[in-house]
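A.B. asks: The structure file query09.txt (compact mmCIF, C-alpha atoms and all ligand atoms) is provided below.
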# COMPACT_ATOMS: atom_id res chain seq x y z
CA MET A 1 -28.16 -107.27 215.92
CA GLN A 2 -30.33 -110.25 216.71
CA ASN A 3 -32.14 -111.84 213.78
CA ILE A 4 -35.26 -113.94 213.31
CA THR A 5 -35.32 -116.60 210.59
CA LEU A 6 -38.69 -116.48 208.84
CA ASN A 7 -40.55 -119.61 207.71
CA ASN A 8 -39.04 -119.44 204.19
CA GLY A 9 -35.47 -119.08 205.46
CA VAL A 10 -35.25 -115.29 204.97
CA VAL A 11 -33.40 -113.64 207.85
CA MET A 12 -34.96 -110.52 209.38
CA PRO A 13 -33.45 -108.20 212.01
CA GLN A 14 -35.45 -108.37 215.24
CA VAL A 15 -35.30 -104.57 215.64
CA GLY A 16 -36.23 -102.32 212.75
CA PHE A 17 -37.14 -98.69 212.25
CA GLY A 18 -40.78 -97.66 211.61
CA VAL A 19 -41.61 -94.52 209.63
CA TRP A 20 -45.38 -94.07 210.00
CA GLN A 21 -46.26 -90.36 210.28
CA VAL A 22 -42.80 -89.31 209.11
CA PRO A 23 -43.44 -86.88 206.21
CA ASP A 24 -41.66 -87.70 202.96
CA ASP A 25 -39.32 -84.71 203.26
CA GLU A 26 -38.26 -85.80 206.78
CA ALA A 27 -37.94 -89.50 205.96
CA HIS A 28 -34.52 -89.07 204.37
CA ALA A 29 -33.04 -87.53 207.54
CA ALA A 30 -34.76 -89.98 209.90
CA VAL A 31 -33.77 -93.09 207.92
CA THR A 32 -30.21 -91.79 207.49
CA GLU A 33 -30.03 -91.27 211.26
CA ALA A 34 -31.33 -94.81 211.76
CA PHE A 35 -28.74 -96.28 209.37
CA ASN A 36 -25.98 -94.38 211.16
CA ALA A 37 -27.23 -95.72 214.50
CA GLY A 38 -26.99 -99.28 213.10
CA TYR A 39 -30.55 -100.12 212.02
CA ARG A 40 -30.71 -102.10 208.79
CA SER A 41 -34.45 -102.84 208.66
CA ILE A 42 -36.96 -100.15 207.66
CA ASP A 43 -40.76 -100.48 207.81
CA THR A 44 -42.70 -98.23 205.44
CA ALA A 45 -45.98 -98.51 203.51
CA ARG A 46 -47.58 -97.00 200.43
CA ILE A 47 -50.09 -95.16 202.67
CA TYR A 48 -47.29 -93.49 204.68
CA GLU A 49 -46.48 -91.50 201.52
CA ASN A 50 -42.77 -91.54 202.31
CA GLU A 51 -41.44 -94.39 200.16
CA GLU A 52 -39.55 -91.86 198.01
CA GLY A 53 -37.81 -90.29 201.01
CA VAL A 54 -36.96 -93.74 202.34
CA GLY A 55 -35.66 -94.73 198.90
CA ARG A 56 -33.42 -91.66 198.66
CA ALA A 57 -31.95 -92.46 202.09
CA ILE A 58 -31.29 -96.03 200.95
CA ALA A 59 -29.57 -94.83 197.77
CA ASP A 60 -27.50 -92.22 199.60
CA SER A 61 -26.48 -94.61 202.40
CA GLY A 62 -24.03 -96.49 200.20
CA LEU A 63 -24.92 -99.60 202.21
CA PRO A 64 -24.88 -102.85 200.23
CA ARG A 65 -28.45 -103.82 199.33
CA GLU A 66 -28.01 -107.29 200.81
CA GLU A 67 -27.33 -105.75 204.24
CA LEU A 68 -30.71 -104.01 204.23
CA PHE A 69 -34.16 -105.35 205.03
CA ILE A 70 -36.88 -103.22 203.47
CA THR A 71 -40.59 -103.73 204.16
CA THR A 72 -43.47 -101.99 202.46
CA LYS A 73 -47.20 -102.69 202.38
CA LEU A 74 -50.10 -103.09 199.97
CA TRP A 75 -52.81 -100.50 200.70
CA ASN A 76 -56.49 -101.28 201.19
CA THR A 77 -57.68 -99.82 197.87
CA ASP A 78 -55.51 -102.25 195.91
CA HIS A 79 -56.73 -105.73 196.84
CA ALA A 80 -57.94 -106.64 193.33
CA ARG A 81 -55.22 -108.69 191.57
CA ASP A 82 -54.27 -106.19 188.86
CA ASP A 83 -54.39 -103.27 191.29
CA ALA A 84 -52.12 -105.16 193.70
CA LEU A 85 -49.56 -105.92 190.97
CA ARG A 86 -49.59 -102.28 189.83
CA ALA A 87 -49.37 -100.99 193.42
CA PHE A 88 -46.36 -103.19 194.09
CA ASP A 89 -44.56 -101.92 190.95
CA ALA A 90 -45.27 -98.33 191.99
CA SER A 91 -43.94 -98.91 195.53
CA LEU A 92 -40.80 -100.54 194.19
CA SER A 93 -40.24 -97.65 191.79
CA ARG A 94 -40.74 -95.02 194.54
CA LEU A 95 -38.27 -96.91 196.73
CA GLY A 96 -35.82 -97.13 193.83
CA LEU A 97 -35.38 -100.86 194.42
CA ASP A 98 -35.69 -103.97 192.30
CA TYR A 99 -36.93 -106.07 195.23
CA VAL A 100 -38.22 -105.66 198.76
CA ASP A 101 -37.38 -108.04 201.55
CA LEU A 102 -40.92 -108.19 202.88
CA TYR A 103 -44.23 -107.17 201.33
CA LEU A 104 -47.19 -107.05 203.70
CA MET A 105 -50.92 -106.81 203.16
CA HIS A 106 -51.65 -103.78 205.35
CA TRP A 107 -55.18 -104.76 206.53
CA PRO A 108 -57.38 -107.75 205.59
CA MET A 109 -60.65 -105.72 205.64
CA PRO A 110 -62.94 -108.72 206.15
CA GLY A 111 -66.00 -106.60 205.31
CA VAL A 112 -64.62 -105.95 201.82
CA ASP A 113 -63.55 -109.59 201.49
CA LYS A 114 -60.86 -109.38 198.81
CA TYR A 115 -57.88 -110.40 200.93
CA VAL A 116 -57.62 -113.91 199.42
CA GLU A 117 -57.36 -112.39 195.93
CA ALA A 118 -54.81 -109.84 197.18
CA TRP A 119 -52.77 -112.62 198.80
CA GLN A 120 -52.74 -114.61 195.55
CA ALA A 121 -51.35 -111.52 193.77
CA MET A 122 -48.69 -111.25 196.47
CA GLU A 123 -47.85 -114.91 195.89
CA GLU A 124 -47.17 -114.04 192.23
CA ILE A 125 -44.87 -111.20 193.31
CA HIS A 126 -43.08 -113.58 195.67
CA ALA A 127 -42.70 -116.19 192.92
CA ASP A 128 -41.08 -113.51 190.72
CA GLY A 129 -38.47 -112.94 193.45
CA ARG A 130 -39.42 -109.28 193.75
CA ALA A 131 -40.48 -109.77 197.38
CA LYS A 132 -38.18 -112.14 199.26
CA ALA A 133 -40.98 -112.80 201.73
CA ILE A 134 -44.69 -111.93 201.91
CA GLY A 135 -46.66 -111.44 205.06
CA ALA A 136 -49.84 -110.29 206.70
CA SER A 137 -50.59 -107.30 208.85
CA ASN A 138 -53.55 -106.85 211.15
CA PHE A 139 -54.82 -110.35 210.41
CA THR A 140 -56.97 -112.05 213.04
CA VAL A 141 -57.23 -115.78 213.77
CA GLU A 142 -60.29 -115.86 211.50
CA THR A 143 -58.70 -114.08 208.52
CA LEU A 144 -55.41 -115.97 208.88
CA THR A 145 -57.23 -119.29 209.07
CA ARG A 146 -59.00 -118.56 205.80
CA LEU A 147 -55.70 -117.61 204.15
CA LEU A 148 -54.14 -120.87 205.33
CA GLU A 149 -57.10 -122.87 204.06
CA GLU A 150 -57.49 -121.19 200.66
CA THR A 151 -53.95 -120.31 199.54
CA GLY A 152 -50.60 -122.03 199.30
CA THR A 153 -48.24 -119.69 201.16
CA VAL A 154 -48.13 -119.35 204.95
CA PRO A 155 -47.46 -115.66 205.74
CA ALA A 156 -43.87 -115.16 206.92
CA VAL A 157 -45.03 -112.64 209.53
CA ASN A 158 -48.18 -111.05 210.88
CA GLN A 159 -47.53 -107.45 211.88
CA ILE A 160 -50.05 -106.53 214.58
CA GLU A 161 -50.55 -103.93 217.29
CA LEU A 162 -48.68 -105.35 220.28
CA HIS A 163 -47.29 -103.76 223.46
CA PRO A 164 -47.59 -104.48 227.19
CA TYR A 165 -51.16 -103.07 227.30
CA LEU A 166 -52.17 -105.33 224.36
CA ALA A 167 -50.11 -108.50 224.69
CA GLN A 168 -52.01 -110.47 222.00
CA LYS A 169 -51.63 -113.85 223.69
CA GLU A 170 -54.10 -115.62 221.41
CA MET A 171 -52.49 -114.27 218.23
CA ARG A 172 -48.99 -115.13 219.42
CA ALA A 173 -50.04 -118.70 220.18
CA PHE A 174 -51.69 -119.02 216.76
CA HIS A 175 -48.58 -117.65 215.04
CA ALA A 176 -46.32 -120.06 216.95
CA GLU A 177 -48.52 -122.98 215.97
CA HIS A 178 -48.30 -122.07 212.26
CA GLY A 179 -44.69 -120.84 211.95
CA ILE A 180 -45.66 -117.19 211.48
CA ALA A 181 -43.32 -114.63 213.08
CA THR A 182 -44.98 -112.04 215.28
CA GLU A 183 -44.08 -108.46 214.40
CA ALA A 184 -45.22 -105.75 216.82
CA TRP A 185 -46.48 -102.41 215.52
CA SER A 186 -46.70 -99.52 217.94
CA PRO A 187 -44.33 -101.57 220.13
CA LEU A 188 -44.07 -98.59 222.53
CA GLY A 189 -47.83 -98.03 222.60
CA GLN A 190 -47.18 -94.90 220.51
CA GLY A 191 -45.47 -93.46 223.61
CA LYS A 192 -48.93 -92.58 224.95
CA GLY A 193 -49.10 -93.22 228.69
CA LEU A 194 -47.62 -96.71 228.54
CA LEU A 195 -44.10 -95.42 229.11
CA ASP A 196 -45.21 -93.71 232.35
CA ASP A 197 -46.60 -96.92 233.82
CA PRO A 198 -45.16 -97.26 237.36
CA ALA A 199 -44.33 -100.94 236.84
CA LEU A 200 -42.18 -100.04 233.82
CA THR A 201 -40.53 -96.99 235.36
CA ALA A 202 -39.57 -99.07 238.44
CA ILE A 203 -37.97 -101.82 236.33
CA ALA A 204 -36.25 -99.17 234.18
CA GLU A 205 -34.79 -97.46 237.23
CA LYS A 206 -33.46 -100.75 238.55
CA HIS A 207 -31.58 -101.41 235.29
CA GLY A 208 -30.49 -97.81 234.70
CA ARG A 209 -32.44 -97.92 231.41
CA SER A 210 -35.40 -95.99 229.99
CA PRO A 211 -38.99 -97.36 230.09
CA ALA A 212 -38.87 -97.54 226.27
CA GLN A 213 -35.79 -99.78 226.44
CA VAL A 214 -37.49 -102.00 229.03
CA VAL A 215 -40.57 -102.38 226.81
CA LEU A 216 -38.41 -103.22 223.77
CA ARG A 217 -36.43 -105.72 225.84
CA TRP A 218 -39.70 -107.37 226.91
CA HIS A 219 -40.63 -107.71 223.23
CA LEU A 220 -37.25 -109.20 222.28
CA GLN A 221 -37.31 -111.71 225.11
CA SER A 222 -40.91 -112.60 224.11
CA GLY A 223 -39.67 -113.38 220.58
CA ASN A 224 -41.36 -110.42 218.86
CA ILE A 225 -39.92 -108.42 215.98
CA VAL A 226 -40.18 -104.68 216.78
CA ILE A 227 -40.18 -101.52 214.63
CA PRO A 228 -40.14 -98.56 217.05
CA LYS A 229 -40.50 -95.12 215.49
CA SER A 230 -38.83 -91.87 216.47
CA VAL A 231 -37.50 -88.86 214.63
CA THR A 232 -35.38 -87.77 217.61
CA PRO A 233 -31.75 -88.85 217.10
CA ALA A 234 -31.15 -89.69 220.79
CA ARG A 235 -34.28 -91.86 220.91
CA ILE A 236 -33.45 -93.54 217.59
CA LYS A 237 -30.15 -94.66 219.17
CA GLU A 238 -31.73 -95.52 222.52
CA ASN A 239 -34.32 -97.78 220.89
CA LEU A 240 -31.59 -99.90 219.29
CA ASP A 241 -29.44 -100.04 222.42
CA VAL A 242 -31.43 -102.90 223.93
CA PHE A 243 -29.00 -105.81 223.72
CA GLY A 244 -26.81 -105.06 226.75
CA PHE A 245 -29.20 -106.01 229.55
CA GLU A 246 -31.73 -108.70 230.38
CA LEU A 247 -35.05 -108.83 232.24
CA ASP A 248 -35.43 -111.69 234.71
CA ALA A 249 -38.47 -113.98 234.83
CA ALA A 250 -40.14 -111.94 237.59
CA GLU A 251 -39.75 -108.72 235.60
CA MET A 252 -41.08 -110.37 232.45
CA GLY A 253 -44.04 -111.62 234.51
CA ARG A 254 -44.74 -108.15 235.90
CA ILE A 255 -44.82 -106.71 232.38
CA ASP A 256 -46.97 -109.60 231.10
CA ALA A 257 -49.45 -108.73 233.86
CA LEU A 258 -49.97 -105.21 232.45
CA ASP A 259 -52.07 -106.63 229.56
CA LYS A 260 -55.50 -105.00 229.54
CA GLY A 261 -56.49 -105.47 225.91
CA LYS A 262 -56.05 -101.74 225.23
CA ARG A 263 -55.77 -100.79 221.57
CA PHE A 264 -54.37 -97.47 220.39
CA GLY A 265 -55.23 -98.31 216.78
CA PRO A 266 -58.35 -99.74 215.06
CA ASP A 267 -59.72 -103.23 215.63
CA PRO A 268 -58.81 -105.26 212.52
CA ALA A 269 -61.97 -107.38 212.82
CA THR A 270 -64.08 -104.34 211.95
CA PHE A 271 -61.66 -102.03 210.11
CA ASN A 272 -62.65 -101.79 206.44
CA TRP A 273 -61.38 -98.31 205.62
CA MET A 274 -60.64 -97.70 201.94
CA GLY A 275 -59.44 -94.09 202.35
P1 LIG A 301 -44.33 -96.59 218.56
O1 LIG A 301 -44.96 -97.50 219.55
O2 LIG A 301 -43.09 -96.97 217.88
O3 LIG A 301 -44.18 -95.19 219.30
C1 LIG A 301 -43.60 -94.10 218.63
C2 LIG A 301 -43.72 -92.85 219.51
O4 LIG A 301 -43.21 -93.14 220.82
C3 LIG A 301 -42.85 -91.73 218.97
O5 LIG A 301 -43.57 -90.93 218.06
C4 LIG A 301 -42.47 -90.96 220.23
O6 LIG A 301 -43.52 -90.08 220.58
C5 LIG A 301 -42.41 -92.07 221.27
N1 LIG A 301 -41.04 -92.60 221.48
C6 LIG A 301 -40.25 -93.28 220.60
N2 LIG A 301 -39.10 -93.64 221.17
C7 LIG A 301 -39.14 -93.19 222.44
C8 LIG A 301 -38.24 -93.27 223.52
N3 LIG A 301 -37.07 -93.88 223.42
N4 LIG A 301 -38.61 -92.68 224.70
C9 LIG A 301 -39.81 -92.05 224.82
N5 LIG A 301 -40.70 -91.96 223.84
C10 LIG A 301 -40.38 -92.53 222.65
O7 LIG A 301 -45.51 -96.21 217.53
P2 LIG A 301 -45.81 -96.29 215.99
O8 LIG A 301 -45.05 -95.31 215.19
O9 LIG A 301 -47.30 -96.26 215.91
O10 LIG A 301 -45.37 -97.78 215.56
C11 LIG A 301 -44.10 -98.09 215.08
C12 LIG A 301 -44.15 -98.47 213.62
O11 LIG A 301 -45.07 -99.54 213.41
C13 LIG A 301 -44.70 -97.38 212.69
O12 LIG A 301 -43.78 -96.33 212.48
C14 LIG A 301 -45.03 -98.18 211.47
O13 LIG A 301 -43.85 -98.47 210.75
C15 LIG A 301 -45.60 -99.45 212.10
N6 LIG A 301 -47.09 -99.43 212.19
C16 LIG A 301 -47.78 -100.32 211.43
C17 LIG A 301 -49.16 -100.33 211.49
C18 LIG A 301 -49.90 -101.33 210.68
O14 LIG A 301 -51.12 -101.20 210.55
N7 LIG A 301 -49.26 -102.33 210.13
C19 LIG A 301 -49.86 -99.42 212.29
C20 LIG A 301 -49.13 -98.52 213.05
C21 LIG A 301 -47.74 -98.54 213.00
Can you dump the structure from the file as structure tokens?
Ligand code: NAD

C.D. replies:
Amino acid sequence: MQNITLNNGVVMPQVGFGVWQVPDDEAHAAVTEAFNAGYRSIDTARIYENEEGVGRAIADSGLPREELFITTKLWNTDHARDDALRAFDASLSRLGLDYVDLYLMHWPMPGVDKYVEAWQAMEEIHADGRAKAIGASNFTVETLTRLLEETGTVPAVNQIELHPYLAQKEMRAFHAEHGIATEAWSPLGQGKGLLDDPALTAIAEKHGRSPAQVVLRWHLQSGNIVIPKSVTPARIKENLDVFGFELDAAEMGRIDALDKGKRFGPDPATFNWMG
């Protein structure tokens, strides 16, 4: 497994396993499958409503806690300081853990404008040692800039929608400038159409790999952390088997050229959903 060292020295696997849209009663099986395949990093969130299933899989795995990297996220209804502290305790208890490796603010919701207060609460949690690192998710240059100006902790990561159809050049440059690791959500473009792109299928055929593996390889060689999701055992394995081949500069360039600013998820500049 390749790792990325975050800006506070915490080491994070570059490939993790995402569990969005995995129901709680299926999370145990999916996460167990992922552990057996060799994943050690799991990305969940309070809003995914599967922290308990993830927690049971962690407990049943028998894996030493220090080998695991567990991420969960603060939901949008809990940005007020006391709500954030309570929400974190509840997540930790559902996961059955006494710390998480990474706690993310799920969305900044600039229209609600409480993300600075939420970040300060996350700084308290970090200071307690109950989150080894804290980070952002779906932050824009504008919302990150404000965080950097008004608080004391540079986010360890910013987890954003990122795949060949949405290459996020501006965000990646901003992250690099400020020592923030780029973590890609929906790294496979949710499997919707992207994986049938002729440029990707041609490169995949040349390497005897799948288009999903080519996309993940592009992410790794671009320096992104990825958290592909699947509940299909063969795909769970396939998505981690991305270290035995390399894309050359021309292939990387061809994939870079697929960028068309296409989002599958909401635009974080205008997303203020409190549901
Ligand atoms: P993804 O890009 O990982 O795509 C997952 C889908 O692609 C699967 O449901 C399946 O249909 C398909 N797929 C997976 N492996 C495949 C393979 N090898 N071959 C062919 N098809 C394959 O999409 P995602 O689940 O949206 O994103 C991954 C993770 O990112 C989530 O599970 C979650 O943890 C995280 N996420 C975070 C946010 C956020 O706001 N922070 C938003 C969305 C997702």

A.B. asks: As a quick test: using only C-alpha atoms and all ligand atoms, which residues lie no more than 6 Å away from ligand LIG 301 (chain A)? Give them as a PyMOL selection string.

C.D. replies: chain A and resi 18-20+43-44+106+137+159+185-191+212+227-230+235+238-239

A.B. asks: List every residue of region 138-230 of chain A that has an atom at most 9 Å from any atom of region 253-268 of chain A, and for each one report the closest atom pair and its distance in Å to one decimal, counting only C-alpha atoms, with rows sorted by chain and then by increasing residue number, as CSV.

C.D. replies:
residue,atom,partner,partner_atom,distance
A:Asn138,CA,A:Pro268,CA,5.7
A:Phe139,CA,A:Pro268,CA,6.8
A:Thr140,CA,A:Pro268,CA,7.1
A:Glu161,CA,A:Gly265,CA,7.3
A:Leu162,CA,A:Arg263,CA,8.5
A:His163,CA,A:Asp259,CA,8.3
A:Pro164,CA,A:Asp259,CA,5.5
A:Tyr165,CA,A:Asp259,CA,4.3
A:Leu166,CA,A:Gly261,CA,4.6
A:Ala167,CA,A:Asp259,CA,5.6
A:Gln168,CA,A:Gly261,CA,7.8
A:Ser186,CA,A:Phe264,CA,8.3
A:Gly189,CA,A:Phe264,CA,6.9
A:Gln190,CA,A:Phe264,CA,7.6
A:Lys192,CA,A:Phe264,CA,8.6
A:Ala199,CA,A:Arg254,CA,7.3
A:Leu200,CA,A:Ile255,CA,7.3
A:Val215,CA,A:Ile255,CA,8.2
A:Trp218,CA,A:Ile255,CA,7.5

A.B. asks: Within 6 Å of region 71-87 of chain A, counting all atoms listed in the file, which residues qualify if same-chain residues fewer than 6 places away don't, as a PyMOL selection string?

C.D. replies: chain A and resi 43-45+101-106+114+118+121+274

A.B. asks: Which is closest to Gly9 (chain A) among A:His175, A:Thr270, A:Ala133, A:Gly223, if we use all atoms listed in the file?

C.D. replies: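 Among the listed residues, A:Ala133 lies closest to Gly9 (chain A).
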
A.B. asks: Nearest residue to Ala27 (chain A) out of A:Arg209, A:Asp128, A:Glu150, A:Val231, using all atoms listed in the file?

C.D. replies: A:Val231

A.B. asks: At what distance in Å, to one decimal, does CA of Gly16 (chain A) lie from CA of Asp60 (chain A)?

C.D. replies: 18.7 Å

A.B. asks: Quick check, in Å to one decimal: how far apart do CA of Ala173 (chain A) and CA of Val214 (chain A) lie?

C.D. replies: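 Between CA of Ala173 (chain A) and CA of Val214 (chain A) the gap works out to 22.7 Å.
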
A.B. asks: Show which residues sit within 9 Å of Thr201 (chain A), as a VMD selection string. Count all atoms listed in the file, and ignore same-chain residues fewer than 5 positions away.

C.D. replies: chain A and resid 195 to 196 206 210 to 211 214

A.B. asks: Write a file of the just-selected residues containing C-alpha atoms, as a JSON list (two decimals), in the coordinates of the input.

C.D. replies:
[["chain", "number", "residue", "atom", "x", "y", "z"],
["A", 195, "LEU", "CA", -44.10, -95.42, 229.11],
["A", 196, "ASP", "CA", -45.21, -93.71, 232.35],
["A", 206, "LYS", "CA", -33.46, -100.75, 238.55],
["A", 210, "SER", "CA", -35.40, -95.99, 229.99],
["A", 211, "PRO", "CA", -38.99, -97.36, 230.09],
["A", 214, "VAL", "CA", -37.49, -102.00, 229.03]]

A.B. asks: Measuring atom to atom with all atoms listed in the file, identify which of A:Leu6, A:Leu220, A:Ala57, A:Ile180 is nearest to Asn36 (chain A).

C.D. replies: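 Smallest distance to Asn36 (chain A) is found for A:Ala57.
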
A.B. asks: Out of A:Gln221, A:Gln213, A:Asn158, A:Thr5, which residue has the shortest atom-to-atom distance to Asp241 (chain A) when counting all atoms listed in the file?

C.D. replies: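 The shortest atom-to-atom distance to Asp241 (chain A) comes from A:Gln213.
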
A.B. asks: If you measure from CA of Leu68 (chain A) to CA of Leu97 (chain A), what distance in Å do you get, rounded to one decimal?

C.D. replies: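 CA of Leu97 (chain A) lies at a distance of 11.3 Å from CA of Leu68 (chain A).
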
A.B. asks: Of the candidates A:Ser93, A:Gln21, A:Gln14, A:Asn7, which one gets nearest to Leu216 (chain A) if we count only C-alpha atoms?

C.D. replies: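 That would be A:Gln14, the residue with the smallest distance to Leu216 (chain A).
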
A.B. asks: With only C-alpha atoms as the basis for distance, which of A:Pro13, A:Pro23, A:Gly152, A:Gly38 is at the shortest distance from Lys237 (chain A)?

C.D. replies: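 Of the candidates, the smallest distance to Lys237 (chain A) is held by A:Gly38.
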
A.B. asks: Considering all atoms listed in the file, return as a list in words whatever protein or nucleic-acid residues lie within 6 Å of Glu51 (chain A), sequence-local ones (same chain, fewer than 4 positions apart) excluded.

C.D. replies: Gly55, Arg94 and Leu95 of chain A

A.B. asks: Give me a file of those residues, with C-alpha atoms, as a tab-separated table (two decimals), keeping the file's coordinate frame.

C.D. replies:
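Output below, filename result.tsv:
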chain	number	residue	atom	x	y	z
A	55	GLY	CA	-35.66	-94.73	198.90
A	94	ARG	CA	-40.74	-95.02	194.54
A	95	LEU	CA	-38.27	-96.91	196.73

A.B. asks: Could you name the residues that touch Val226 (chain A) at 6 Å or less, counting all atoms listed in the file, but leaving out those on the same chain fewer than 2 positions away, as a list in words?

C.D. replies: Val15, Glu183 and Ala184 of chain A

A.B. asks: Neighbours of Pro155 (chain A) within 8 Å (only C-alpha atoms; same-chain residues fewer than 6 positions away dropped), as a list of chain:residue names?

C.D. replies: A:Ile134, A:Gly135, A:Ala136, A:Ile180

A.B. asks: Could you rebuild region 55-72 of chain A with N, CA and C atoms and give it back as a compact mmCIF listing (two decimals), in the frame of the given file?

C.D. replies:
# COMPACT_ATOMS: atom_id res chain seq x y z
N GLY A 55 -36.48 -94.25 200.02
CA GLY A 55 -35.66 -94.73 198.90
C GLY A 55 -34.42 -93.87 198.69
N ARG A 56 -34.59 -92.55 198.82
CA ARG A 56 -33.42 -91.66 198.66
C ARG A 56 -32.40 -91.93 199.77
N ALA A 57 -32.89 -92.17 200.98
CA ALA A 57 -31.95 -92.46 202.09
C ALA A 57 -31.22 -93.78 201.84
N ILE A 58 -31.93 -94.75 201.28
CA ILE A 58 -31.29 -96.03 200.95
C ILE A 58 -30.19 -95.81 199.91
N ALA A 59 -30.54 -95.06 198.85
CA ALA A 59 -29.57 -94.83 197.77
C ALA A 59 -28.35 -94.07 198.29
N ASP A 60 -28.60 -93.05 199.13
CA ASP A 60 -27.50 -92.22 199.60
C ASP A 60 -26.66 -92.91 200.68
N SER A 61 -27.19 -93.98 201.27
CA SER A 61 -26.48 -94.61 202.40
C SER A 61 -25.20 -95.29 201.94
N GLY A 62 -25.18 -95.73 200.69
CA GLY A 62 -24.03 -96.49 200.20
C GLY A 62 -23.95 -97.89 200.81
N LEU A 63 -24.96 -98.26 201.59
CA LEU A 63 -24.92 -99.60 202.21
C LEU A 63 -25.25 -100.65 201.15
N PRO A 64 -24.56 -101.80 201.20
CA PRO A 64 -24.88 -102.85 200.23
C PRO A 64 -26.33 -103.29 200.40
N ARG A 65 -27.02 -103.46 199.28
CA ARG A 65 -28.45 -103.82 199.33
C ARG A 65 -28.70 -105.06 200.17
N GLU A 66 -27.76 -106.03 200.10
CA GLU A 66 -28.01 -107.29 200.81
C GLU A 66 -27.90 -107.13 202.33
N GLU A 67 -27.37 -105.99 202.79
CA GLU A 67 -27.33 -105.75 204.24
C GLU A 67 -28.63 -105.15 204.76
N LEU A 68 -29.49 -104.71 203.83
CA LEU A 68 -30.71 -104.01 204.23
C LEU A 68 -31.91 -104.94 204.21
N PHE A 69 -32.90 -104.60 205.01
CA PHE A 69 -34.16 -105.35 205.03
C PHE A 69 -35.29 -104.33 204.92
N ILE A 70 -35.89 -104.27 203.73
CA ILE A 70 -36.88 -103.22 203.47
C ILE A 70 -38.28 -103.84 203.36
N THR A 71 -39.18 -103.29 204.17
CA THR A 71 -40.59 -103.73 204.16
C THR A 71 -41.46 -102.60 203.65
N THR A 72 -42.39 -102.92 202.74
CA THR A 72 -43.47 -101.99 202.46
C THR A 72 -44.78 -102.77 202.39
